[in-house]
>>> print(open('start-v3.cif').read())   # mmCIF, C-alpha atoms
data_entry
#
loop_
_atom_site.label_atom_id
_atom_site.label_comp_id
_atom_site.auth_asym_id
_atom_site.auth_seq_id
_atom_site.Cartn_x
_atom_site.Cartn_y
_atom_site.Cartn_z
CA MET C 51 -13.07 63.13 31.41
CA ALA C 52 -9.35 63.55 31.84
CA PHE C 53 -8.51 66.23 29.36
CA GLU C 54 -10.22 69.14 31.14
CA TYR C 55 -7.50 68.82 33.80
CA ILE C 56 -4.69 69.76 31.39
CA ASP C 57 -3.57 73.30 32.09
CA ARG C 58 -2.11 75.19 29.12
CA ARG C 59 -1.49 78.53 30.80
CA CYS C 60 1.86 80.26 30.39
CA GLY C 61 3.80 82.46 32.77
CA GLN C 62 2.66 80.65 35.89
CA ALA C 63 3.94 81.31 39.38
CA PRO C 64 5.95 78.41 40.89
CA TRP C 65 3.04 77.06 42.90
CA GLU C 66 0.74 77.27 39.87
CA SER C 67 3.31 75.34 37.82
CA LEU C 68 3.46 72.66 40.53
CA VAL C 69 -0.32 72.33 40.62
CA SER C 70 -0.40 72.08 36.83
CA SER C 71 2.22 69.32 36.90
CA VAL C 72 0.26 67.35 39.50
CA LYS C 73 -2.89 67.65 37.39
CA LYS C 74 -1.05 66.33 34.36
CA VAL C 75 0.29 63.36 36.32
CA PHE C 76 -3.24 62.45 37.38
CA ALA C 77 -4.47 63.07 33.85
CA ILE C 78 -2.10 60.31 32.67
CA LEU C 79 -3.81 57.79 34.95
CA ASP C 80 -7.16 58.95 33.60
CA LEU C 81 -6.14 57.95 30.06
CA PHE C 82 -6.30 54.23 30.80
CA SER C 83 -9.50 52.22 30.47
CA ILE C 84 -10.78 48.73 29.71
CA GLU C 85 -10.95 49.73 26.06
CA ARG C 86 -7.43 51.18 26.15
CA PRO C 87 -5.39 49.33 28.83
CA THR C 88 -1.94 50.18 27.41
CA LEU C 89 -0.29 53.28 25.96
CA THR C 90 3.15 54.09 24.62
CA ALA C 91 5.14 57.03 25.96
CA ASP C 92 4.68 58.83 22.64
CA GLU C 93 0.90 58.42 22.85
CA ILE C 94 0.81 59.78 26.40
CA ILE C 95 2.97 62.78 25.50
CA ALA C 96 0.90 63.54 22.41
CA ILE C 97 -2.38 63.50 24.33
CA LEU C 98 -1.00 65.66 27.14
CA GLU C 99 0.53 68.08 24.61
CA CYS C 100 3.59 68.52 26.80
CA SER C 101 7.29 68.44 25.97
CA ARG C 102 9.02 65.07 25.74
CA PRO C 103 11.26 65.74 28.79
CA GLN C 104 8.17 66.67 30.83
CA GLY C 105 6.23 63.66 29.61
CA TYR C 106 9.00 61.20 30.39
CA ARG C 107 9.45 62.76 33.82
CA TYR C 108 5.76 62.33 34.62
CA ILE C 109 5.83 58.72 33.41
CA LYS C 110 8.99 57.99 35.39
CA ASP C 111 7.47 59.40 38.59
CA LEU C 112 4.34 57.26 38.15
CA CYS C 113 6.42 54.14 37.53
CA GLU C 114 8.53 54.76 40.63
CA ALA C 115 5.36 55.21 42.69
CA GLY C 116 3.94 51.94 41.34
CA PHE C 117 1.01 53.48 39.49
CA LEU C 118 2.42 52.59 36.06
CA VAL C 119 4.47 49.62 34.88
CA ARG C 120 6.32 49.21 31.57
CA PHE C 121 5.68 45.99 29.68
CA SER C 122 6.79 45.19 26.11
CA GLY C 123 7.44 48.83 25.29
CA GLU C 124 4.06 50.05 26.55
CA TYR C 125 2.73 51.28 29.85
CA ARG C 126 -0.18 49.91 31.86
CA LEU C 127 -1.59 50.62 35.31
CA GLY C 128 0.53 49.24 38.15
CA ALA C 129 -0.28 47.26 41.28
CA ARG C 130 -0.22 50.31 43.57
CA ALA C 131 -3.87 50.82 42.64
CA ILE C 132 -4.65 47.45 44.21
CA GLU C 133 -3.03 48.53 47.46
CA LEU C 134 -5.12 51.70 47.52
CA ASP C 135 -8.25 49.69 46.74
CA TYR C 136 -7.59 47.55 49.81
CA ILE C 137 -7.24 50.66 51.98
CA VAL C 138 -10.53 51.99 50.64
CA ARG C 139 -12.30 48.68 51.34
CA GLU C 140 -11.07 48.73 54.94
CA SER C 141 -11.59 52.41 55.75
CA ASP C 142 -14.27 54.02 53.57
CA PRO C 143 -17.09 55.11 55.96
CA LEU C 144 -19.74 54.82 53.24
CA LEU C 145 -18.69 51.28 52.38
CA ARG C 146 -18.38 50.21 56.02
CA ALA C 147 -21.84 51.59 56.80
CA ALA C 148 -23.43 50.06 53.71
CA GLU C 149 -22.05 46.51 53.64
CA PRO C 150 -24.16 45.00 56.49
CA THR C 151 -27.38 46.42 55.04
CA MET C 152 -26.46 45.34 51.51
CA ARG C 153 -25.82 41.77 52.67
CA GLN C 154 -29.12 41.73 54.52
CA VAL C 155 -31.08 43.03 51.52
CA ARG C 156 -29.38 40.47 49.27
CA GLN C 157 -30.32 37.63 51.64
CA GLN C 158 -33.92 38.82 51.93
CA SER C 159 -34.50 39.57 48.25
CA GLY C 160 -32.04 37.41 46.28
CA CYS C 161 -31.27 40.51 44.16
CA ASP C 162 -27.83 41.77 43.24
CA ILE C 163 -27.14 44.88 45.32
CA LEU C 164 -24.89 47.69 44.08
CA LEU C 165 -23.50 50.69 45.96
CA LEU C 166 -22.76 53.73 43.81
CA SER C 167 -20.83 56.86 44.75
CA MET C 168 -20.21 60.14 42.94
CA VAL C 169 -16.59 61.29 42.83
CA GLY C 170 -16.07 64.55 41.00
CA ASP C 171 -17.97 64.20 37.75
CA ARG C 172 -17.94 60.39 37.89
CA ILE C 173 -20.41 57.88 39.26
CA ILE C 174 -18.70 54.61 40.18
CA THR C 175 -19.83 51.25 41.55
CA ILE C 176 -17.87 50.83 44.79
CA HIS C 177 -19.41 47.58 46.05
CA HIS C 178 -21.40 44.66 44.64
CA GLU C 179 -23.24 41.97 46.59
CA ARG C 180 -24.13 39.15 44.21
CA GLY C 181 -27.62 37.72 44.52
CA THR C 182 -29.15 34.39 43.60
CA ASP C 183 -30.76 35.36 40.29
CA PRO C 184 -29.04 33.67 37.32
CA MET C 185 -28.11 36.88 35.50
CA THR C 186 -25.10 38.97 34.55
CA VAL C 187 -24.49 42.41 36.04
CA THR C 188 -21.73 44.05 34.02
CA TYR C 189 -21.47 47.28 36.02
CA SER C 190 -19.69 45.75 39.02
CA ARG C 191 -17.15 47.27 41.43
CA GLY C 192 -14.86 49.82 39.82
CA ARG C 193 -17.01 50.25 36.71
CA LEU C 194 -17.73 53.81 35.63
CA MET C 195 -21.46 54.44 35.21
CA PRO C 196 -23.11 56.57 32.55
CA LEU C 197 -24.37 59.79 34.11
CA PHE C 198 -27.80 59.79 32.48
CA ARG C 199 -28.69 56.09 32.29
CA GLY C 200 -29.32 53.51 34.98
CA ALA C 201 -31.39 53.81 38.15
CA GLY C 202 -28.44 54.54 40.44
CA SER C 203 -27.01 57.36 38.35
CA LYS C 204 -30.44 58.92 37.93
CA VAL C 205 -31.19 59.14 41.67
CA ILE C 206 -27.77 60.65 42.33
CA MET C 207 -28.11 63.14 39.49
CA ALA C 208 -31.64 64.03 40.69
CA SER C 209 -30.28 65.05 44.10
CA LEU C 210 -27.76 67.55 42.71
CA PRO C 211 -28.40 71.30 42.46
CA ALA C 212 -29.91 72.35 39.14
CA ALA C 213 -26.79 74.31 38.17
CA LYS C 214 -24.61 71.21 38.64
CA GLN C 215 -27.06 69.06 36.70
CA LYS C 216 -27.01 71.48 33.78
CA GLN C 217 -23.21 71.68 33.84
CA LEU C 218 -22.91 67.89 33.65
CA PHE C 219 -25.57 67.69 30.93
CA GLU C 220 -23.83 70.25 28.74
CA LYS C 221 -20.43 68.67 29.33
CA TYR C 222 -21.14 64.97 28.97
CA ASN C 223 -24.58 64.25 27.54
CA ALA C 224 -23.35 64.30 23.95
CA LEU C 225 -20.57 61.82 24.82
CA GLU C 226 -23.00 59.19 26.13
CA GLU C 227 -25.74 57.15 24.51
CA PRO C 228 -29.00 59.07 24.02
CA SER C 229 -30.38 59.94 27.44
CA VAL C 230 -33.51 58.12 28.59
CA LEU C 231 -34.34 61.25 30.58
CA GLY C 232 -34.97 63.45 27.54
CA ASN C 233 -33.38 65.01 24.49
CA SER C 234 -33.03 68.56 25.78
CA TRP C 235 -31.89 70.06 29.07
CA GLU C 236 -35.47 71.11 29.84
CA GLU C 237 -36.72 67.52 29.40
CA VAL C 238 -33.85 66.06 31.42
CA ARG C 239 -34.37 68.60 34.21
CA ALA C 240 -38.10 67.77 34.39
CA SER C 241 -37.34 64.03 34.55
CA LEU C 242 -34.82 64.54 37.35
CA LYS C 243 -37.36 66.61 39.29
CA ASP C 244 -39.84 63.74 39.04
CA ILE C 245 -37.25 61.26 40.33
CA ARG C 246 -36.28 63.50 43.22
CA ARG C 247 -39.93 63.97 44.14
CA ALA C 248 -40.59 60.21 44.02
CA GLY C 249 -37.50 59.32 46.07
CA TYR C 250 -36.47 56.42 43.84
CA SER C 251 -35.72 55.49 40.24
CA VAL C 252 -36.36 52.45 38.05
CA SER C 253 -34.41 51.49 34.94
CA VAL C 254 -35.53 48.71 32.60
CA GLY C 255 -32.77 47.38 30.34
CA GLU C 256 -30.87 50.68 30.37
CA LEU C 257 -27.48 49.14 31.26
CA ASP C 258 -27.90 45.38 30.81
CA PRO C 259 -30.79 44.55 28.45
CA GLU C 260 -32.14 41.66 30.55
CA ASN C 261 -31.98 43.45 33.92
CA VAL C 262 -34.03 45.94 35.89
CA GLY C 263 -32.55 48.30 38.47
CA ILE C 264 -34.40 49.96 41.34
CA SER C 265 -32.46 52.61 43.22
CA ALA C 266 -32.84 54.97 46.16
CA PRO C 267 -30.50 57.82 47.16
CA ILE C 268 -28.21 57.68 50.19
CA ALA C 269 -28.01 61.15 51.76
CA TYR C 270 -25.55 62.20 54.45
CA ASP C 271 -23.69 65.37 55.47
CA ALA C 272 -25.60 67.38 52.86
CA PRO C 273 -29.02 67.59 51.20
CA ALA C 274 -27.51 66.21 47.98
CA ALA C 275 -27.19 62.43 47.78
CA HIS C 276 -23.79 61.58 46.41
CA ALA C 277 -24.43 57.85 46.70
CA GLY C 278 -27.18 55.37 45.97
CA ILE C 279 -28.15 51.74 46.49
CA VAL C 280 -29.41 49.71 43.53
CA MET C 281 -31.35 46.46 43.64
CA VAL C 282 -30.90 44.55 40.37
CA LEU C 283 -33.19 41.73 39.27
CA SER C 284 -33.97 40.00 36.02
CA ALA C 285 -36.60 41.54 33.75
CA THR C 286 -38.52 38.26 33.88
CA ARG C 287 -38.66 38.31 37.67
CA TYR C 288 -39.57 42.00 37.67
CA LEU C 289 -42.74 41.25 35.70
CA THR C 290 -44.00 38.89 38.42
CA THR C 291 -42.75 40.81 41.48
CA ASP C 292 -44.69 43.25 43.63
CA LYS C 293 -42.87 46.37 42.54
CA SER C 294 -43.97 48.39 45.55
CA VAL C 295 -42.24 45.90 47.86
CA ILE C 296 -38.91 46.13 46.03
CA ILE C 297 -39.12 49.92 45.91
CA GLN C 298 -39.88 50.08 49.63
CA MET C 299 -36.96 47.76 50.40
CA ALA C 300 -34.56 49.92 48.38
CA ARG C 301 -35.73 53.11 50.07
CA ALA C 302 -35.58 51.56 53.55
CA ALA C 303 -32.07 50.24 52.88
CA ALA C 304 -30.86 53.64 51.63
CA GLU C 305 -32.32 55.33 54.71
CA GLN C 306 -30.67 52.82 57.02
CA ILE C 307 -27.27 53.31 55.36
CA SER C 308 -27.65 57.08 55.67
CA ASP C 309 -28.47 56.71 59.37
CA ALA C 310 -25.58 54.30 59.90
CA ILE C 311 -23.16 56.91 58.58
CA ARG C 312 -24.60 59.73 60.66
CA PHE C 313 -25.31 57.71 63.81
CA PRO C 314 -23.14 54.56 63.69
CA ARG C 315 -23.93 53.46 67.25
CA ASP C 316 -27.67 53.52 66.63
CA ALA C 317 -27.66 51.23 63.58
CA ARG C 318 -30.50 48.68 63.67
CA PRO C 319 -31.31 45.60 61.56
CA LEU C 320 -33.35 46.25 58.43
CA MET C 321 -36.91 45.00 58.82
CA MET C 322 -38.21 42.82 56.02
CA VAL C 323 -41.02 44.51 54.11
CA PRO C 324 -44.19 42.37 54.28
#
>>> encode(input="start-v3.cif", output="structure tokens")
Amino acid sequence: MAFEYIDRRCGQAPWESLVSSVKKVFAILDLFSIERPTLTADEIIAILECSRPQGYRYIKDLCEAGFLVRFSGEYRLGARAIELDYIVRESDPLLRAAEPTMRQVRQQSGCDILLLSMVGDRIITIHHERGTDPMTVTYSRGRLMPLFRGAGSKVIMASLPAAKQKQLFEKYNALEEPSVLGNSWEEVRASLKDIRRAGYSVSVGELDPENVGISAPIAYDAPAAHAGIVMVLSATRYLTTDKSVIIQMARAAAEQISDAIRFPRDARPLMMVP
């Protein structure tokens, strides 16, 4: 998702040139991933399609700021990201509002509880409360979610305006695994309408084959829900669980988190669903 930020325009005004340079610096950070944790300077410059002096200047600036570090002739992300992560953990209003409810839901249900947030075109897990089920949840904190798979992504996508949904579908659907929502935009749009109407989403084995996710949207400051809570349980347990109870718990938790953000002084304990 990084390369759309690279600006190739010529004859820019000074402020436009500055903005373009800033975008390219951030685009460098976007090149790194679990699959590609290190890059050489030549690789970075080639991907950015900039001059070597420009490329080395961008890399130097990122190293001096602590966002990149050079090791054995290659570059990797630096520890400054950890510092920023700590600041987010301590100050993010969504995270601060959600953590007490997530802990309570985990204690009541034994499920793993995930908090997802949409940032730009990305949906990211920003918090994970581990439950008691003996299972593996691979999409933990910091992991980028597929846009069209998984209960959490689907409820967030369902809340977006149709024009934004279509833009994301046309831009990214072909880059992901086949969508469980449909093969065409019309099918995907219809599926998202159904999810929005229901107020929750269920995914069976869409991210981790042995797990089931049940998600509800967290809405605040706008009709669109740019966040969601996901309850994750094993597929075996899901078969013997009263699904309506888990769905109701997820929806009640999402509503409480939304209220805690809007009205922090009025936050109340989540009542256990009978």
>>> resolve_selection(input="start-v3.cif", expression="the PyMOL selection byres ((chain C and resi 242-247) around 8)", output="compact mmCIF listing (two decimals) with C-alpha atoms, in the coordinates of the input")
# COMPACT_ATOMS: atom_id res chain seq x y z
CA LYS C 204 -30.44 58.92 37.93
CA VAL C 205 -31.19 59.14 41.67
CA MET C 207 -28.11 63.14 39.49
CA ALA C 208 -31.64 64.03 40.69
CA SER C 209 -30.28 65.05 44.10
CA LEU C 231 -34.34 61.25 30.58
CA VAL C 238 -33.85 66.06 31.42
CA ARG C 239 -34.37 68.60 34.21
CA ALA C 240 -38.10 67.77 34.39
CA SER C 241 -37.34 64.03 34.55
CA ALA C 248 -40.59 60.21 44.02
CA GLY C 249 -37.50 59.32 46.07
CA TYR C 250 -36.47 56.42 43.84
CA SER C 251 -35.72 55.49 40.24
>>> resolve_selection(input="start-v3.cif", expression="the PyMOL selection byres ((chain C and resi 75) around 10)", output="list in words")
Tyr55, Ile56, Val69, Ser70, Ser71, Val72, Lys73, Lys74, Phe76, Ala77, Ile78, Leu79, Asp80, Leu98, Gly105, Arg107, Tyr108, Ile109, Asp111 and Leu112 of chain C
>>> atom_distance(input="start-v3.cif", atom1="atom CA of His178 of chain C", atom2="atom CA of Arg191 of chain C")
5.9 Å
>>> closest_residue(input="start-v3.cif", among="C:His177, C:Arg146, C:Lys221, C:Arg126", to="Trp235 of chain C", atoms="all atoms listed in the file")
C:Lys221
>>> residues_around(input="start-v3.cif", residues="segment 253-262 of chain C", least_positions_apart="3", cutoff="8 Å", atoms="all atoms listed in the file", output="count of residues only")
14
>>> decode(input="start-v3.cif", residues="segment 158-251 of chain C", atoms="C-alpha atoms", output="CSV table (one decimal), in the first residue's frame")
chain,number,residue,atom,x,y,z
C,158,GLN,CA,-16.6,-13.7,31.4
C,159,SER,CA,-16.2,-15.7,28.1
C,160,GLY,CA,-12.6,-17.1,28.1
C,161,CYS,CA,-12.4,-15.9,24.5
C,162,ASP,CA,-9.5,-14.0,23.0
C,163,ILE,CA,-10.6,-10.4,22.4
C,164,LEU,CA,-9.2,-8.3,19.7
C,165,LEU,CA,-9.6,-4.5,19.1
C,166,LEU,CA,-9.3,-3.4,15.4
C,167,SER,CA,-8.9,0.1,14.1
C,168,MET,CA,-8.9,1.5,10.5
C,169,VAL,CA,-6.1,3.9,9.7
C,170,GLY,CA,-6.2,5.2,6.2
C,171,ASP,CA,-6.7,2.1,4.0
C,172,ARG,CA,-5.4,-0.3,6.6
C,173,ILE,CA,-7.2,-2.3,9.3
C,174,ILE,CA,-4.8,-3.1,12.2
C,175,THR,CA,-5.1,-5.0,15.4
C,176,ILE,CA,-4.3,-2.5,18.1
C,177,HIS,CA,-4.9,-4.6,21.2
C,178,HIS,CA,-5.2,-8.3,22.1
C,179,GLU,CA,-6.5,-9.8,25.4
C,180,ARG,CA,-5.6,-13.5,25.5
C,181,GLY,CA,-8.3,-15.9,26.6
C,182,THR,CA,-8.2,-19.3,28.2
C,183,ASP,CA,-8.9,-21.4,25.0
C,184,PRO,CA,-5.9,-23.4,24.0
C,185,MET,CA,-5.6,-22.0,20.5
C,186,THR,CA,-3.3,-19.7,18.4
C,187,VAL,CA,-4.4,-16.3,17.2
C,188,THR,CA,-1.9,-15.1,14.6
C,189,TYR,CA,-3.4,-11.7,14.0
C,190,SER,CA,-2.3,-10.1,17.2
C,191,ARG,CA,-1.3,-6.5,18.0
C,192,GLY,CA,0.3,-4.7,15.1
C,193,ARG,CA,-0.7,-7.2,12.5
C,194,LEU,CA,-2.3,-5.9,9.3
C,195,MET,CA,-5.6,-7.4,8.6
C,196,PRO,CA,-7.0,-8.4,5.2
C,197,LEU,CA,-9.7,-5.9,4.2
C,198,PHE,CA,-12.2,-8.5,2.9
C,199,ARG,CA,-11.7,-11.4,5.2
C,200,GLY,CA,-12.2,-11.9,9.0
C,201,ALA,CA,-15.1,-10.8,11.1
C,202,GLY,CA,-13.5,-7.6,12.3
C,203,SER,CA,-12.5,-6.3,8.9
C,204,LYS,CA,-16.0,-7.1,7.5
C,205,VAL,CA,-17.9,-5.1,10.2
C,206,ILE,CA,-15.6,-2.1,9.7
C,207,MET,CA,-15.9,-2.3,5.9
C,208,ALA,CA,-19.7,-2.6,6.2
C,209,SER,CA,-19.9,0.7,8.0
C,210,LEU,CA,-18.1,2.7,5.3
C,211,PRO,CA,-19.9,4.7,2.6
C,212,ALA,CA,-20.5,2.7,-0.5
C,213,ALA,CA,-18.1,4.9,-2.5
C,214,LYS,CA,-15.3,4.2,-0.1
C,215,GLN,CA,-16.1,0.5,-0.1
C,216,LYS,CA,-15.9,0.4,-3.9
C,217,GLN,CA,-12.7,2.3,-4.0
C,218,LEU,CA,-11.0,-0.2,-1.6
C,219,PHE,CA,-12.5,-3.1,-3.5
C,220,GLU,CA,-11.1,-1.9,-6.8
C,221,LYS,CA,-7.7,-1.0,-5.3
C,222,TYR,CA,-7.0,-4.0,-3.1
C,223,ASN,CA,-9.3,-6.9,-3.7
C,224,ALA,CA,-7.1,-8.4,-6.4
C,225,LEU,CA,-4.1,-8.3,-4.1
C,226,GLU,CA,-5.7,-10.4,-1.4
C,227,GLU,CA,-6.9,-13.9,-1.2
C,228,PRO,CA,-10.3,-14.5,-2.9
C,229,SER,CA,-12.9,-12.5,-0.9
C,230,VAL,CA,-15.4,-14.5,1.1
C,231,LEU,CA,-17.9,-11.7,0.5
C,232,GLY,CA,-18.2,-12.3,-3.3
C,233,ASN,CA,-16.4,-12.3,-6.6
C,234,SER,CA,-17.7,-9.1,-8.0
C,235,TRP,CA,-18.3,-5.6,-6.5
C,236,GLU,CA,-22.0,-6.1,-6.7
C,237,GLU,CA,-21.8,-9.4,-4.6
C,238,VAL,CA,-19.4,-7.8,-2.1
C,239,ARG,CA,-21.6,-4.7,-1.7
C,240,ALA,CA,-24.7,-6.9,-1.1
C,241,SER,CA,-22.8,-8.9,1.6
C,242,LEU,CA,-21.6,-5.8,3.3
C,243,LYS,CA,-25.2,-4.4,3.4
C,244,ASP,CA,-26.3,-7.6,5.1
C,245,ILE,CA,-23.6,-7.3,7.7
C,246,ARG,CA,-24.4,-3.7,8.4
C,247,ARG,CA,-28.1,-4.5,8.7
C,248,ALA,CA,-27.3,-7.4,11.1
C,249,GLY,CA,-24.9,-5.3,13.3
C,250,TYR,CA,-22.3,-8.1,13.6
C,251,SER,CA,-20.2,-10.4,11.5
